[in-house]
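For reference, the structure discussed in these notes is given below.
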Protein chains: 2
Amino acid sequence: MVKLVALYKKPPDPEGFDRNYTQTHVPLVQKWPGLRRVEIGKVTGAIGGEPPYYLVAEMYFDDVDALKTALRSPEGRAAGENLQSFAPGLVTMLYVQVGG
Amino acid sequence: MVKLVALYKKPPDPEGFDRNYTQTHVPLVQKWPGLRRVEIGKVTGAIGGEPPYYLVAEMYFDDVDALKTALRSPEGRAAGENLQSFAPGLVTMLYVQVGG
């Protein structure tokens, strides 16, 4: 299993970000081909200080080929363009191999 | 559901880190009271450049009280001390609220 982990820094306008994220971005992501599961979490704190992130979203796929196919698909591009429209420069996207 | 997300930067000695992490750290974490699930993932890349992290580990609990109880328990302290012994300064720990 492979996941795309999106780490979002705190946006300048959290309310506007939340609205765009929930109402436009998540519905676009949920259309990705091969997507098995999405897990979205709000960061509520950190050990030892201010958390460096605001939101952690994880998109699960069977393997890295499925993940890359999703990102290159029209649905993947639409989600990427949408993200740039309301949250430019906020996100770090990691490819993560889960388990063996 | 709540999770503790541990983001590890790339260690100076990845092989030594992996050995300590797998052989000593994970077994200590798995003893935490109230722990529902652990998901450990190796970072294999990032969109747009070098990934800023090496490993992402997630520890799931029923709620934030259970998470905090685990961290304060003898098992939680043992895992924290173990981590400092082989990976000081590498980890960022986030409290994350999943779903509603």
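We label chains A, B, ... in the order they appear in the structure tokens, count residues from 1 in each chain, and number ligands from 1 in the order shown.
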Taking only residues of chain A that have an atom at most 10 Å from an atom of chain B, what is each one's shortest atom pair and its distance in Å to one decimal, using only C-alpha atoms, in chain and number order, as CSV?
```
residue,atom,partner,partner_atom,distance
A:Met1,CA,B:Gly41,CA,9.5
A:Val2,CA,B:Gly41,CA,8.5
A:Lys3,CA,B:Gly41,CA,8.7
A:Leu4,CA,B:Ala46,CA,8.8
A:Val5,CA,B:Val56,CA,9.1
A:Ala6,CA,B:Ala46,CA,9.8
A:Glu39,CA,B:Val98,CA,7.1
A:Ile40,CA,B:Val98,CA,6.0
A:Gly41,CA,B:Val98,CA,4.2
A:Lys42,CA,B:Gln97,CA,5.2
A:Val43,CA,B:Val96,CA,4.3
A:Thr44,CA,B:Tyr95,CA,5.5
A:Gly45,CA,B:Tyr95,CA,5.1
A:Ala46,CA,B:Leu94,CA,4.3
A:Ile47,CA,B:Met93,CA,5.5
A:Gly48,CA,B:Met93,CA,8.3
A:Gly49,CA,B:Met93,CA,9.7
A:Glu50,CA,B:Leu94,CA,9.4
A:Pro51,CA,B:Leu94,CA,6.5
A:Pro52,CA,B:Leu94,CA,8.5
A:Tyr53,CA,B:Leu94,CA,8.2
A:Tyr54,CA,B:Val96,CA,9.2
A:Leu55,CA,B:Val96,CA,8.1
A:Val56,CA,B:Val96,CA,7.7
A:Ala57,CA,B:Val98,CA,9.5
A:Val64,CA,B:Thr44,CA,9.7
A:Val91,CA,B:Ile47,CA,9.9
A:Thr92,CA,B:Ile47,CA,7.5
A:Met93,CA,B:Ala46,CA,5.5
A:Leu94,CA,B:Ala46,CA,4.3
A:Tyr95,CA,B:Gly45,CA,5.0
A:Val96,CA,B:Val43,CA,4.3
A:Gln97,CA,B:Gly41,CA,5.2
A:Val98,CA,B:Gly41,CA,4.2
A:Gly99,CA,B:Gly41,CA,6.3
A:Gly100,CA,B:Gly41,CA,9.1
```
May I have the selected residues written with C-alpha atoms, as a short mmCIF file (atom, residue, chain, number, x, y, z; two decimals), in the first residue's frame?
```cif
data_model
loop_
_atom_site.label_atom_id
_atom_site.label_comp_id
_atom_site.auth_asym_id
_atom_site.auth_seq_id
_atom_site.Cartn_x
_atom_site.Cartn_y
_atom_site.Cartn_z
CA MET A 1 0.00 0.00 0.00
CA VAL A 2 1.19 3.49 -0.88
CA LYS A 3 -0.08 6.86 0.26
CA LEU A 4 0.32 10.45 -0.78
CA VAL A 5 0.71 12.49 2.42
CA ALA A 6 -0.17 16.17 2.12
CA GLU A 39 -7.96 10.27 5.68
CA ILE A 40 -8.08 13.94 6.58
CA GLY A 41 -6.91 15.22 9.96
CA LYS A 42 -6.76 18.62 11.64
CA VAL A 43 -3.57 19.27 13.58
CA THR A 44 -4.53 20.25 17.13
CA GLY A 45 -1.07 20.58 18.65
CA ALA A 46 2.49 19.31 18.75
CA ILE A 47 4.87 17.96 21.34
CA GLY A 48 7.24 20.71 22.43
CA GLY A 49 5.79 23.79 20.78
CA GLU A 50 3.69 25.23 17.99
CA PRO A 51 2.78 22.68 15.31
CA PRO A 52 4.45 23.41 11.97
CA TYR A 53 1.37 22.16 10.10
CA TYR A 54 -2.36 22.81 10.06
CA LEU A 55 -3.80 19.83 8.21
CA VAL A 56 -2.61 16.33 7.25
CA ALA A 57 -4.38 14.54 4.38
CA VAL A 64 3.07 3.74 -6.58
CA VAL A 91 1.54 22.11 0.93
CA THR A 92 4.30 19.49 1.07
CA MET A 93 3.41 16.23 -0.71
CA LEU A 94 5.21 13.03 0.23
CA TYR A 95 5.12 9.60 -1.41
CA VAL A 96 5.04 7.06 1.41
CA GLN A 97 5.35 3.27 1.24
CA VAL A 98 3.28 1.71 4.03
CA GLY A 99 4.33 -1.67 5.46
CA GLY A 100 6.34 -4.21 3.49
#
```
From chain B, collect each residue whose DSSP state is strand (DSSP E or B) and return the set as number ranges by chain. B: 2-8, 37-46, 55-61, 91-98
Next, dump the selected residues to file, keeping only N, CA and C atoms, as a short mmCIF file (atom, residue, chain, number, x, y, z; two decimals), in the first residue's frame.
```
data_model
loop_
_atom_site.label_atom_id
_atom_site.label_comp_id
_atom_site.auth_asym_id
_atom_site.auth_seq_id
_atom_site.Cartn_x
_atom_site.Cartn_y
_atom_site.Cartn_z
N VAL B 2 -8.13 9.89 17.12
CA VAL B 2 -7.01 10.83 17.20
C VAL B 2 -5.73 10.07 16.87
N LYS B 3 -4.78 10.75 16.25
CA LYS B 3 -3.49 10.08 16.01
C LYS B 3 -2.34 11.00 16.37
N LEU B 4 -1.26 10.37 16.78
CA LEU B 4 0.01 11.05 16.96
C LEU B 4 0.81 10.78 15.69
N VAL B 5 1.16 11.84 14.97
CA VAL B 5 1.91 11.69 13.72
C VAL B 5 3.36 12.08 13.98
N ALA B 6 4.25 11.14 13.75
CA ALA B 6 5.68 11.40 13.94
C ALA B 6 6.35 11.52 12.59
N LEU B 7 6.92 12.70 12.33
CA LEU B 7 7.62 12.96 11.07
C LEU B 7 9.11 12.98 11.36
N TYR B 8 9.85 12.04 10.79
CA TYR B 8 11.29 11.93 11.03
C TYR B 8 12.06 12.50 9.87
N ARG B 37 -3.75 1.32 16.87
CA ARG B 37 -3.15 0.91 15.60
C ARG B 37 -1.90 1.74 15.36
N VAL B 38 -0.92 1.14 14.72
CA VAL B 38 0.29 1.87 14.30
C VAL B 38 0.43 1.71 12.79
N GLU B 39 0.72 2.80 12.12
CA GLU B 39 1.00 2.72 10.68
C GLU B 39 2.34 3.40 10.41
N ILE B 40 3.29 2.63 9.91
CA ILE B 40 4.63 3.15 9.69
C ILE B 40 4.90 3.17 8.19
N GLY B 41 5.40 4.29 7.70
CA GLY B 41 5.66 4.41 6.27
C GLY B 41 7.00 5.06 5.98
N LYS B 42 7.69 4.49 5.00
CA LYS B 42 8.94 5.06 4.52
C LYS B 42 8.64 6.07 3.42
N VAL B 43 9.23 7.24 3.52
CA VAL B 43 9.06 8.26 2.49
C VAL B 43 9.94 7.88 1.30
N THR B 44 9.33 7.80 0.13
CA THR B 44 10.09 7.39 -1.06
C THR B 44 10.32 8.55 -2.03
N GLY B 45 9.68 9.67 -1.77
CA GLY B 45 9.86 10.81 -2.66
C GLY B 45 8.91 11.93 -2.28
N ALA B 46 8.95 13.00 -3.04
CA ALA B 46 8.07 14.14 -2.80
C ALA B 46 7.76 14.79 -4.13
N LEU B 55 10.67 9.24 7.33
CA LEU B 55 9.74 8.23 7.86
C LEU B 55 8.53 8.96 8.44
N VAL B 56 7.35 8.37 8.26
CA VAL B 56 6.12 8.90 8.86
C VAL B 56 5.48 7.77 9.66
N ALA B 57 5.33 7.96 10.97
CA ALA B 57 4.69 6.93 11.81
C ALA B 57 3.45 7.53 12.45
N GLU B 58 2.36 6.75 12.47
CA GLU B 58 1.11 7.24 13.03
C GLU B 58 0.58 6.26 14.06
N MET B 59 0.29 6.80 15.24
CA MET B 59 -0.22 6.00 16.35
C MET B 59 -1.65 6.46 16.65
N TYR B 60 -2.61 5.53 16.52
CA TYR B 60 -4.04 5.87 16.62
C TYR B 60 -4.60 5.55 18.01
N PHE B 61 -5.45 6.46 18.49
CA PHE B 61 -6.13 6.31 19.79
C PHE B 61 -7.60 6.70 19.65
N VAL B 91 12.74 14.27 15.09
CA VAL B 91 11.30 14.02 14.96
C VAL B 91 10.44 15.23 15.31
N THR B 92 9.37 15.38 14.54
CA THR B 92 8.29 16.34 14.84
C THR B 92 7.05 15.51 15.14
N MET B 93 6.41 15.79 16.28
CA MET B 93 5.26 15.00 16.71
C MET B 93 4.00 15.87 16.71
N LEU B 94 3.02 15.48 15.91
CA LEU B 94 1.78 16.25 15.79
C LEU B 94 0.61 15.49 16.40
N TYR B 95 -0.26 16.22 17.12
CA TYR B 95 -1.56 15.66 17.51
C TYR B 95 -2.53 15.98 16.37
N VAL B 96 -3.22 14.95 15.90
CA VAL B 96 -4.12 15.14 14.76
C VAL B 96 -5.49 14.51 15.04
N GLN B 97 -6.52 15.31 14.84
CA GLN B 97 -7.90 14.85 14.99
C GLN B 97 -8.40 14.37 13.63
N VAL B 98 -8.77 13.10 13.57
CA VAL B 98 -9.20 12.53 12.29
C VAL B 98 -10.72 12.55 12.23
#
```
Give me, as number ranges by chain, the residues of chain A that a backbone DSSP run labels helix (DSSP H, G or I). A: 14-29, 64-72, 74-86
Report as a ChimeraX atom specification all protein, DNA and RNA residues lying within 8 Å of Ala70 of chain A, evaluated on only C-alpha atoms, omitting residues in the same chain fewer than 4 positions from it. /A:32-35,66,75-76
Could you take the residues named above and write them with all heavy atoms, as a compact mmCIF listing (two decimals), in the first residue's frame?
```txt
# COMPACT_ATOMS: atom_id res chain seq x y z
N TRP A 32 -10.39 10.85 -7.95
CA TRP A 32 -9.15 10.29 -8.51
C TRP A 32 -9.31 8.81 -8.82
O TRP A 32 -9.78 8.04 -7.97
CB TRP A 32 -8.00 10.47 -7.53
CG TRP A 32 -7.49 11.87 -7.40
CD1 TRP A 32 -8.00 12.98 -7.99
CD2 TRP A 32 -6.39 12.30 -6.61
NE1 TRP A 32 -7.27 14.09 -7.62
CE2 TRP A 32 -6.28 13.70 -6.77
CE3 TRP A 32 -5.48 11.65 -5.78
CZ2 TRP A 32 -5.29 14.44 -6.13
CZ3 TRP A 32 -4.50 12.39 -5.15
CH2 TRP A 32 -4.40 13.78 -5.33
N PRO A 33 -8.85 8.38 -10.02
CA PRO A 33 -8.89 6.95 -10.33
C PRO A 33 -7.94 6.17 -9.43
O PRO A 33 -6.83 6.63 -9.16
CB PRO A 33 -8.41 6.91 -11.79
CG PRO A 33 -7.64 8.17 -12.00
CD PRO A 33 -8.27 9.19 -11.11
N GLY A 34 -8.39 5.02 -8.96
CA GLY A 34 -7.53 4.14 -8.16
C GLY A 34 -7.41 4.51 -6.70
O GLY A 34 -6.75 3.81 -5.94
N LEU A 35 -8.04 5.61 -6.31
CA LEU A 35 -7.98 6.04 -4.90
C LEU A 35 -8.74 5.05 -4.03
O LEU A 35 -9.91 4.76 -4.28
CB LEU A 35 -8.60 7.44 -4.78
CG LEU A 35 -8.62 8.04 -3.38
CD1 LEU A 35 -7.22 8.40 -2.90
CD2 LEU A 35 -9.50 9.30 -3.37
N ALA A 66 -0.26 3.27 -9.33
CA ALA A 66 -1.63 3.78 -9.23
C ALA A 66 -1.65 5.23 -8.75
O ALA A 66 -2.41 6.06 -9.24
CB ALA A 66 -2.45 2.89 -8.28
N GLU A 75 -8.42 14.18 -13.43
CA GLU A 75 -8.92 14.45 -12.08
C GLU A 75 -7.79 14.88 -11.15
O GLU A 75 -8.00 15.72 -10.27
CB GLU A 75 -9.61 13.20 -11.53
CG GLU A 75 -10.87 12.78 -12.31
CD GLU A 75 -10.57 11.91 -13.54
OE1 GLU A 75 -9.38 11.70 -13.87
OE2 GLU A 75 -11.54 11.44 -14.17
N GLY A 76 -6.63 14.29 -11.34
CA GLY A 76 -5.47 14.67 -10.52
C GLY A 76 -5.02 16.08 -10.83
O GLY A 76 -4.72 16.88 -9.93
```
What gap, in Å, lies between atom CA of Pro88 of chain B and atom CA of Pro14 of chain B?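 Result for atom CA of Pro88 of chain B versus atom CA of Pro14 of chain B: 13.5 Å, one decimal.
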Suppose you want the space between atom CA of Ala87 of chain B and atom CA of Tyr21 of chain B; what is it in Å? 8.9 Å
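For the set B:Lys10, B:Arg19, B:Lys68, B:Val29, the residue with the smallest atom-to-atom gap to Glu81 of chain B is B:Val29, counting only C-alpha atoms.
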